[in-house]
Amino acid sequence: MGLREADTAAMLMAPFDVETVAEEHAPDLARAAARYGRTWAREAVGNWFGTVGAYTGADRTAWLASLPGLCAALRTADGDGDAVATPLVESAWRAARHQLANRLDMGREEERRAALERLGAPLAHILQAAGSGTADAVVTALRSLPDTVMECLIPALRAAGRQPTAIPEGAPAIGAFQALAGHCEERLTRALVRPVRAADDWSLPPAGACGSGCDLCPDLDAFLTSRSRRVLEWPLAQARRRHIHSRIDLAGLPVSHTTRRQGRPYTLVLTKTDAVFTREREARVRAETDLAWLRENWPARQSG
């Protein structure tokens with residue numbers, strides 16, 4: 001780089017976004033990290049990423065596909081390329097984890113599943129680029145998330161392939177993918193041994209409290225969790241009907257809501273739909289398909 005002062009180097013590099021950092025820059029970055037130190041390198045990477053969660057566009061997704069090659073070039077360059085590669089991967093993972101958390105909270109099943117599936121390939125790229133410590137931390141964090149994370153993990157494993165070609169044999173990412181494959185197999189197996197829903201079981205998970213302390217949400221949850229009640233006729237004023245509508249729609253519940261405009265107040269009619277059963281059947285078919293794929297493509301890869 002030919003820069004004598006760490007502050008000057010940091011100032012010149014600060015305006016750049018991480019999407020502009022490419023494999024061709026690896027030699028200069030590795031030499032700069034060796035010259036100015038690991039603290040300088042970590043701060044520079046932090047400046048490139050900006051605020052976690054502030055950017056999720058297509059440019060970032062495309063850049064993540066180049067991350068394994070960039071990190072491999074950094075680690076083999078003269079100097080201290082790992083001082084740049086490690087915070088690059090850690091920062092990419094923090095941003096991905098922020099997106100993952102947001103998508104896991106999405107109530108509508110189809111939207112959530114599509115959004116999590118889109119995160120699969122970026123997650124695979126992050127793991128392919130990771131060193132052993134970061135890869136272990138990512139796997140540990142992923143294993144602690146609720147079962148809906150499978151909607152991201154299976155696409156990540158599919159994106160990686162049986163033997164990831166973007167990383168050398170024996171690299172940390174292979175063990176990380178093996179651990180995730182084993183963990184996914186365990187979760188899918190547990191899901192498939194659960195009893196099939198009985199034909200007269202109309203129970204649903206509760207929508208939960210809305211946070212405003214209203215008196216409607218407990219009654220809504222009592223209806224949702226009931227095995228036998230399929231229809232609820234509920235005289236409510238307009239604002240209270242609107243609140244129940246929003247709770248059902250935000251949670252993506254298989255419950256229709258119509259208003260019978262007779263009398264005062266009008267009556268809100270809630271009806272659990274056949275999707276109570278069809279969604280569960282479809283989820284079981286997906287689990288069976290995913291488990292068969294795992295056993296074919298990642299055999300004997302349990303992670304304990």
# chains A, B, ... in the order shown; residues from 1 in each chain; ligands from 1

$ select_by_dssp --residues "region 181-210 of chain A" --states "alpha helix (DSSP H)" --output "number ranges by chain"
A: 181-193

$ write_last_selection --atoms "N, CA and C atoms" --output "mmCIF file, in the first residue's frame"
data_model
loop_
_atom_site.group_PDB
_atom_site.id
_atom_site.type_symbol
_atom_site.label_atom_id
_atom_site.label_comp_id
_atom_site.auth_asym_id
_atom_site.auth_seq_id
_atom_site.Cartn_x
_atom_site.Cartn_y
_atom_site.Cartn_z
ATOM 1 N N ALA A 181 -25.710 -31.083 9.059
ATOM 2 C CA ALA A 181 -26.461 -32.180 8.442
ATOM 3 C C ALA A 181 -26.932 -33.168 9.503
ATOM 4 N N GLY A 182 -26.046 -33.519 10.419
ATOM 5 C CA GLY A 182 -26.434 -34.431 11.484
ATOM 6 C C GLY A 182 -27.521 -33.842 12.360
ATOM 7 N N HIS A 183 -27.382 -32.560 12.670
ATOM 8 C CA HIS A 183 -28.383 -31.891 13.501
ATOM 9 C C HIS A 183 -29.734 -31.848 12.793
ATOM 10 N N CYS A 184 -29.729 -31.546 11.498
ATOM 11 C CA CYS A 184 -30.976 -31.516 10.732
ATOM 12 C C CYS A 184 -31.621 -32.900 10.696
ATOM 13 N N GLU A 185 -30.813 -33.930 10.538
ATOM 14 C CA GLU A 185 -31.368 -35.285 10.511
ATOM 15 C C GLU A 185 -32.048 -35.615 11.843
ATOM 16 N N GLU A 186 -31.419 -35.219 12.936
ATOM 17 C CA GLU A 186 -32.012 -35.469 14.252
ATOM 18 C C GLU A 186 -33.351 -34.754 14.402
ATOM 19 N N ARG A 187 -33.401 -33.503 13.980
ATOM 20 C CA ARG A 187 -34.646 -32.730 14.116
ATOM 21 C C ARG A 187 -35.741 -33.314 13.230
ATOM 22 N N LEU A 188 -35.400 -33.667 12.008
ATOM 23 C CA LEU A 188 -36.398 -34.219 11.096
ATOM 24 C C LEU A 188 -36.912 -35.558 11.596
ATOM 25 N N THR A 189 -36.022 -36.366 12.132
ATOM 26 C CA THR A 189 -36.437 -37.662 12.663
ATOM 27 C C THR A 189 -37.403 -37.486 13.820
ATOM 28 N N ARG A 190 -37.101 -36.547 14.719
ATOM 29 C CA ARG A 190 -38.004 -36.289 15.840
ATOM 30 C C ARG A 190 -39.369 -35.809 15.352
ATOM 31 N N ALA A 191 -39.357 -34.945 14.334
ATOM 32 C CA ALA A 191 -40.620 -34.416 13.815
ATOM 33 C C ALA A 191 -41.485 -35.524 13.227
ATOM 34 N N LEU A 192 -40.856 -36.484 12.566
ATOM 35 C CA LEU A 192 -41.610 -37.522 11.871
ATOM 36 C C LEU A 192 -42.124 -38.619 12.796
ATOM 37 N N VAL A 193 -41.581 -38.724 14.003
ATOM 38 C CA VAL A 193 -42.099 -39.735 14.923
ATOM 39 C C VAL A 193 -43.232 -39.178 15.789
#

$ residues_around --residues "Leu270 (chain A)" --least-positions-apart "2" --cutoff "10 Å" --atoms "only C-alpha atoms" --output "JSON, numbers by chain"
{"A": [220, 223, 224, 230, 231, 232, 233, 234, 244, 245, 248, 255, 256, 257, 258, 259, 267, 268, 272, 273]}

$ write_last_selection --atoms "N, CA, C and O atoms" --output "compact mmCIF listing (two decimals), in the first residue's frame"
# COMPACT_ATOMS: atom_id res chain seq x y z
N LEU A 220 -59.17 -15.09 22.43
CA LEU A 220 -58.77 -15.61 21.12
C LEU A 220 -57.91 -16.86 21.29
O LEU A 220 -58.13 -17.86 20.59
N PHE A 223 -59.87 -19.96 22.13
CA PHE A 223 -60.50 -20.55 20.96
C PHE A 223 -59.48 -21.29 20.09
O PHE A 223 -59.72 -22.43 19.66
N LEU A 224 -58.35 -20.66 19.86
CA LEU A 224 -57.34 -21.27 18.99
C LEU A 224 -56.85 -22.61 19.53
O LEU A 224 -56.66 -23.57 18.78
N ARG A 230 -64.42 -25.22 16.51
CA ARG A 230 -64.00 -24.82 15.17
C ARG A 230 -64.53 -23.44 14.80
O ARG A 230 -63.92 -22.74 13.99
N VAL A 231 -65.64 -23.03 15.39
CA VAL A 231 -66.27 -21.75 15.05
C VAL A 231 -66.47 -20.95 16.33
O VAL A 231 -66.86 -21.49 17.37
N LEU A 232 -66.19 -19.66 16.23
CA LEU A 232 -66.45 -18.73 17.32
C LEU A 232 -67.24 -17.55 16.78
O LEU A 232 -66.79 -16.88 15.85
N GLU A 233 -68.41 -17.32 17.34
CA GLU A 233 -69.23 -16.16 16.99
C GLU A 233 -69.07 -15.14 18.11
O GLU A 233 -69.43 -15.40 19.27
N TRP A 234 -68.59 -13.94 17.75
CA TRP A 234 -68.07 -13.02 18.76
C TRP A 234 -68.59 -11.61 18.49
O TRP A 234 -68.10 -10.91 17.59
N ILE A 244 -58.69 -8.17 16.23
CA ILE A 244 -58.64 -9.63 16.06
C ILE A 244 -58.23 -9.99 14.65
O ILE A 244 -57.43 -10.91 14.43
N HIS A 245 -58.75 -9.26 13.65
CA HIS A 245 -58.33 -9.49 12.26
C HIS A 245 -56.81 -9.41 12.15
O HIS A 245 -56.17 -10.27 11.54
N ILE A 248 -54.86 -12.37 13.71
CA ILE A 248 -54.95 -13.59 12.90
C ILE A 248 -54.10 -13.47 11.65
O ILE A 248 -53.34 -14.39 11.29
N VAL A 255 -57.38 -19.47 9.92
CA VAL A 255 -58.68 -19.11 10.51
C VAL A 255 -59.28 -18.01 9.63
O VAL A 255 -58.67 -16.95 9.43
N SER A 256 -60.47 -18.26 9.11
CA SER A 256 -61.15 -17.22 8.34
C SER A 256 -61.91 -16.31 9.30
O SER A 256 -62.31 -16.73 10.39
N HIS A 257 -62.08 -15.05 8.89
CA HIS A 257 -62.83 -14.12 9.74
C HIS A 257 -63.78 -13.31 8.87
O HIS A 257 -63.37 -12.66 7.90
N THR A 258 -65.04 -13.39 9.18
CA THR A 258 -66.07 -12.63 8.47
C THR A 258 -66.93 -11.91 9.50
O THR A 258 -66.94 -12.27 10.69
N THR A 259 -67.65 -10.91 9.04
CA THR A 259 -68.50 -10.13 9.93
C THR A 259 -69.96 -10.31 9.52
O THR A 259 -70.32 -10.08 8.37
N THR A 267 -71.35 -9.17 14.61
CA THR A 267 -70.74 -10.39 15.12
C THR A 267 -69.58 -10.82 14.23
O THR A 267 -69.74 -11.00 13.00
N LEU A 268 -68.42 -10.97 14.83
CA LEU A 268 -67.25 -11.50 14.13
C LEU A 268 -67.32 -13.02 14.19
O LEU A 268 -67.45 -13.60 15.28
N LYS A 272 -62.01 -22.00 11.90
CA LYS A 272 -60.78 -22.71 11.57
C LYS A 272 -60.97 -23.46 10.26
O LYS A 272 -61.98 -24.14 10.07
N THR A 273 -60.03 -23.33 9.35
CA THR A 273 -60.16 -23.92 8.02
C THR A 273 -59.46 -25.28 7.95
O THR A 273 -58.72 -25.67 8.85

$ residues_around --residues "Ala62 (chain A)" --least-positions-apart "4" --cutoff "12 Å" --atoms "only C-alpha atoms" --output "list in words"
Val18, Glu19, Thr20, Val21, Ala22, Thr56, Gly57, Ala58, Ser66, Leu67, Pro68, Ala121, Pro122 and His125 of chain A

$ residues_around --residues "Glu43 (chain A)" --least-positions-apart "3" --cutoff "10 Å" --atoms "only C-alpha atoms" --output "number ranges by chain"
A: 10, 14, 38-40, 46-48, 84, 87

$ closest_residue --among "A:Ala222, A:Ala292, A:Leu142, A:Leu216" --to "Arg241 (chain A)" --atoms "only C-alpha atoms"
A:Leu216

$ closest_residue --among "A:Ala41, A:Ala159, A:Ala198, A:Cys210" --to "Leu88 (chain A)" --atoms "only C-alpha atoms"
A:Ala41

$ atom_distance --atom1 "CA of Ala73 (chain A)" --atom2 "CA of Pro27 (chain A)"
7.8 Å

$ closest_residue --among "A:Arg240, A:Gln262, A:Arg197, A:Asp28" --to "Asp215 (chain A)" --atoms "only C-alpha atoms"
A:Arg240

$ residues_around --residues "Asp290 (chain A)" --least-positions-apart "2" --cutoff "10 Å" --atoms "only C-alpha atoms" --output "VMD selection string"
chain A and resid 150 154 to 155 158 184 to 185 188 284 to 288 292 to 296

$ select_by_dssp --residues "region 49-238 of chain A" --states "strand (DSSP E or B)" --output "ChimeraX atom specification"
/A:231-235

$ write_last_selection --atoms "N, CA, C and O atoms" --output "mmCIF file, in the first residue's frame"
data_model
loop_
_atom_site.group_PDB
_atom_site.id
_atom_site.type_symbol
_atom_site.label_atom_id
_atom_site.label_comp_id
_atom_site.auth_asym_id
_atom_site.auth_seq_id
_atom_site.Cartn_x
_atom_site.Cartn_y
_atom_site.Cartn_z
ATOM 1 N N VAL A 231 -65.638 -23.029 15.391
ATOM 2 C CA VAL A 231 -66.266 -21.754 15.049
ATOM 3 C C VAL A 231 -66.470 -20.950 16.330
ATOM 4 O O VAL A 231 -66.861 -21.493 17.369
ATOM 5 N N LEU A 232 -66.193 -19.662 16.234
ATOM 6 C CA LEU A 232 -66.453 -18.727 17.324
ATOM 7 C C LEU A 232 -67.237 -17.549 16.782
ATOM 8 O O LEU A 232 -66.788 -16.880 15.846
ATOM 9 N N GLU A 233 -68.412 -17.320 17.342
ATOM 10 C CA GLU A 233 -69.233 -16.157 16.995
ATOM 11 C C GLU A 233 -69.074 -15.142 18.114
ATOM 12 O O GLU A 233 -69.431 -15.400 19.268
ATOM 13 N N TRP A 234 -68.589 -13.941 17.754
ATOM 14 C CA TRP A 234 -68.069 -13.019 18.760
ATOM 15 C C TRP A 234 -68.594 -11.608 18.487
ATOM 16 O O TRP A 234 -68.098 -10.907 17.594
ATOM 17 N N PRO A 235 -69.597 -11.159 19.224
ATOM 18 C CA PRO A 235 -70.089 -9.778 19.037
ATOM 19 C C PRO A 235 -69.025 -8.773 19.494
ATOM 20 O O PRO A 235 -68.647 -8.747 20.661
#

$ decode --residues "region 169-185 of chain A" --atoms "all heavy atoms" --output "PDB file, in the first residue's frame"
ATOM      1  N   GLU A 169     -10.396 -29.912   0.865  1.00  0.00           N
ATOM      2  CA  GLU A 169     -10.715 -31.037   1.736  1.00  0.00           C
ATOM      3  C   GLU A 169     -10.065 -30.828   3.102  1.00  0.00           C
ATOM      4  O   GLU A 169      -8.910 -30.426   3.207  1.00  0.00           O
ATOM      5  CB  GLU A 169     -10.200 -32.342   1.103  1.00  0.00           C
ATOM      6  CG  GLU A 169     -10.568 -33.595   1.875  1.00  0.00           C
ATOM      7  CD  GLU A 169     -12.054 -33.888   1.822  1.00  0.00           C
ATOM      8  OE1 GLU A 169     -12.694 -33.496   0.833  1.00  0.00           O
ATOM      9  OE2 GLU A 169     -12.557 -34.500   2.765  1.00  0.00           O
ATOM     10  N   GLY A 170     -10.830 -31.082   4.160  1.00  0.00           N
ATOM     11  CA  GLY A 170     -10.307 -30.934   5.507  1.00  0.00           C
ATOM     12  C   GLY A 170     -10.460 -29.547   6.084  1.00  0.00           C
ATOM     13  O   GLY A 170     -10.110 -29.324   7.238  1.00  0.00           O
ATOM     14  N   ALA A 171     -10.975 -28.587   5.309  1.00  0.00           N
ATOM     15  CA  ALA A 171     -11.171 -27.234   5.815  1.00  0.00           C
ATOM     16  C   ALA A 171     -12.283 -27.220   6.859  1.00  0.00           C
ATOM     17  O   ALA A 171     -13.136 -28.113   6.892  1.00  0.00           O
ATOM     18  CB  ALA A 171     -11.504 -26.284   4.668  1.00  0.00           C
ATOM     19  N   PRO A 172     -12.295 -26.206   7.758  1.00  0.00           N
ATOM     20  CA  PRO A 172     -13.291 -26.179   8.834  1.00  0.00           C
ATOM     21  C   PRO A 172     -14.735 -26.258   8.362  1.00  0.00           C
ATOM     22  O   PRO A 172     -15.581 -26.822   9.053  1.00  0.00           O
ATOM     23  CB  PRO A 172     -13.015 -24.842   9.523  1.00  0.00           C
ATOM     24  CG  PRO A 172     -11.581 -24.545   9.233  1.00  0.00           C
ATOM     25  CD  PRO A 172     -11.332 -25.096   7.865  1.00  0.00           C
ATOM     26  N   ALA A 173     -15.028 -25.707   7.188  1.00  0.00           N
ATOM     27  CA  ALA A 173     -16.415 -25.679   6.734  1.00  0.00           C
ATOM     28  C   ALA A 173     -16.985 -27.067   6.524  1.00  0.00           C
ATOM     29  O   ALA A 173     -18.178 -27.289   6.724  1.00  0.00           O
ATOM     30  CB  ALA A 173     -16.529 -24.872   5.437  1.00  0.00           C
ATOM     31  N   ILE A 174     -16.161 -28.024   6.118  1.00  0.00           N
ATOM     32  CA  ILE A 174     -16.675 -29.373   5.892  1.00  0.00           C
ATOM     33  C   ILE A 174     -17.225 -29.934   7.197  1.00  0.00           C
ATOM     34  O   ILE A 174     -18.319 -30.500   7.238  1.00  0.00           O
ATOM     35  CB  ILE A 174     -15.586 -30.276   5.294  1.00  0.00           C
ATOM     36  CG1 ILE A 174     -15.246 -29.808   3.879  1.00  0.00           C
ATOM     37  CG2 ILE A 174     -16.042 -31.730   5.284  1.00  0.00           C
ATOM     38  CD1 ILE A 174     -14.205 -30.644   3.182  1.00  0.00           C
ATOM     39  N   GLY A 175     -16.478 -29.780   8.287  1.00  0.00           N
ATOM     40  CA  GLY A 175     -16.972 -30.241   9.567  1.00  0.00           C
ATOM     41  C   GLY A 175     -18.223 -29.502   9.997  1.00  0.00           C
ATOM     42  O   GLY A 175     -19.124 -30.089  10.611  1.00  0.00           O
ATOM     43  N   ALA A 176     -18.303 -28.209   9.677  1.00  0.00           N
ATOM     44  CA  ALA A 176     -19.491 -27.430  10.026  1.00  0.00           C
ATOM     45  C   ALA A 176     -20.711 -27.941   9.274  1.00  0.00           C
ATOM     46  O   ALA A 176     -21.795 -28.105   9.859  1.00  0.00           O
ATOM     47  CB  ALA A 176     -19.253 -25.951   9.708  1.00  0.00           C
ATOM     48  N   PHE A 177     -20.567 -28.207   7.990  1.00  0.00           N
ATOM     49  CA  PHE A 177     -21.690 -28.737   7.217  1.00  0.00           C
ATOM     50  C   PHE A 177     -22.083 -30.126   7.705  1.00  0.00           C
ATOM     51  O   PHE A 177     -23.267 -30.469   7.757  1.00  0.00           O
ATOM     52  CB  PHE A 177     -21.341 -28.774   5.735  1.00  0.00           C
ATOM     53  CG  PHE A 177     -21.317 -27.415   5.080  1.00  0.00           C
ATOM     54  CD1 PHE A 177     -20.194 -26.978   4.412  1.00  0.00           C
ATOM     55  CD2 PHE A 177     -22.416 -26.572   5.147  1.00  0.00           C
ATOM     56  CE1 PHE A 177     -20.152 -25.733   3.813  1.00  0.00           C
ATOM     57  CE2 PHE A 177     -22.391 -25.318   4.550  1.00  0.00           C
ATOM     58  CZ  PHE A 177     -21.257 -24.894   3.875  1.00  0.00           C
ATOM     59  N   GLN A 178     -21.091 -30.938   8.056  1.00  0.00           N
ATOM     60  CA  GLN A 178     -21.390 -32.260   8.597  1.00  0.00           C
ATOM     61  C   GLN A 178     -22.190 -32.148   9.887  1.00  0.00           C
ATOM     62  O   GLN A 178     -23.152 -32.888  10.099  1.00  0.00           O
ATOM     63  CB  GLN A 178     -20.086 -33.023   8.841  1.00  0.00           C
ATOM     64  CG  GLN A 178     -19.367 -33.444   7.560  1.00  0.00           C
ATOM     65  CD  GLN A 178     -18.004 -34.074   7.845  1.00  0.00           C
ATOM     66  OE1 GLN A 178     -17.479 -33.980   8.953  1.00  0.00           O
ATOM     67  NE2 GLN A 178     -17.434 -34.705   6.845  1.00  0.00           N
ATOM     68  N   ALA A 179     -21.779 -31.229  10.757  1.00  0.00           N
ATOM     69  CA  ALA A 179     -22.486 -31.035  12.020  1.00  0.00           C
ATOM     70  C   ALA A 179     -23.926 -30.574  11.783  1.00  0.00           C
ATOM     71  O   ALA A 179     -24.864 -31.063  12.424  1.00  0.00           O
ATOM     72  CB  ALA A 179     -21.745 -30.031  12.894  1.00  0.00           C
ATOM     73  N   LEU A 180     -24.107 -29.652  10.839  1.00  0.00           N
ATOM     74  CA  LEU A 180     -25.460 -29.177  10.545  1.00  0.00           C
ATOM     75  C   LEU A 180     -26.305 -30.284   9.926  1.00  0.00           C
ATOM     76  O   LEU A 180     -27.495 -30.411  10.235  1.00  0.00           O
ATOM     77  CB  LEU A 180     -25.400 -27.979   9.601  1.00  0.00           C
ATOM     78  CG  LEU A 180     -24.969 -26.646  10.213  1.00  0.00           C
ATOM     79  CD1 LEU A 180     -24.976 -25.557   9.155  1.00  0.00           C
ATOM     80  CD2 LEU A 180     -25.871 -26.257  11.383  1.00  0.00           C
ATOM     81  N   ALA A 181     -25.710 -31.083   9.059  1.00  0.00           N
ATOM     82  CA  ALA A 181     -26.461 -32.180   8.442  1.00  0.00           C
ATOM     83  C   ALA A 181     -26.932 -33.168   9.503  1.00  0.00           C
ATOM     84  O   ALA A 181     -28.083 -33.619   9.485  1.00  0.00           O
ATOM     85  CB  ALA A 181     -25.608 -32.881   7.392  1.00  0.00           C
ATOM     86  N   GLY A 182     -26.046 -33.519  10.419  1.00  0.00           N
ATOM     87  CA  GLY A 182     -26.434 -34.431  11.484  1.00  0.00           C
ATOM     88  C   GLY A 182     -27.521 -33.842  12.360  1.00  0.00           C
ATOM     89  O   GLY A 182     -28.460 -34.533  12.768  1.00  0.00           O
ATOM     90  N   HIS A 183     -27.382 -32.560  12.670  1.00  0.00           N
ATOM     91  CA  HIS A 183     -28.383 -31.891  13.501  1.00  0.00           C
ATOM     92  C   HIS A 183     -29.734 -31.848  12.793  1.00  0.00           C
ATOM     93  O   HIS A 183     -30.780 -32.087  13.411  1.00  0.00           O
ATOM     94  CB  HIS A 183     -27.901 -30.482  13.823  1.00  0.00           C
ATOM     95  CG  HIS A 183     -28.847 -29.721  14.685  1.00  0.00           C
ATOM     96  ND1 HIS A 183     -29.132 -30.077  15.988  1.00  0.00           N
ATOM     97  CD2 HIS A 183     -29.581 -28.601  14.436  1.00  0.00           C
ATOM     98  CE1 HIS A 183     -30.003 -29.218  16.503  1.00  0.00           C
ATOM     99  NE2 HIS A 183     -30.292 -28.320  15.586  1.00  0.00           N
ATOM    100  N   CYS A 184     -29.729 -31.546  11.498  1.00  0.00           N
ATOM    101  CA  CYS A 184     -30.976 -31.516  10.732  1.00  0.00           C
ATOM    102  C   CYS A 184     -31.621 -32.900  10.696  1.00  0.00           C
ATOM    103  O   CYS A 184     -32.850 -33.030  10.811  1.00  0.00           O
ATOM    104  CB  CYS A 184     -30.719 -31.029   9.311  1.00  0.00           C
ATOM    105  SG  CYS A 184     -30.359 -29.255   9.195  1.00  0.00           S
ATOM    106  N   GLU A 185     -30.813 -33.930  10.538  1.00  0.00           N
ATOM    107  CA  GLU A 185     -31.368 -35.285  10.511  1.00  0.00           C
ATOM    108  C   GLU A 185     -32.048 -35.615  11.843  1.00  0.00           C
ATOM    109  O   GLU A 185     -33.128 -36.211  11.874  1.00  0.00           O
ATOM    110  CB  GLU A 185     -30.278 -36.310  10.205  1.00  0.00           C
ATOM    111  CG  GLU A 185     -30.814 -37.728  10.122  1.00  0.00           C
ATOM    112  CD  GLU A 185     -29.801 -38.729   9.617  1.00  0.00           C
ATOM    113  OE1 GLU A 185     -28.708 -38.310   9.206  1.00  0.00           O
ATOM    114  OE2 GLU A 185     -30.117 -39.934   9.649  1.00  0.00           O
TER     115      GLU A 185
END
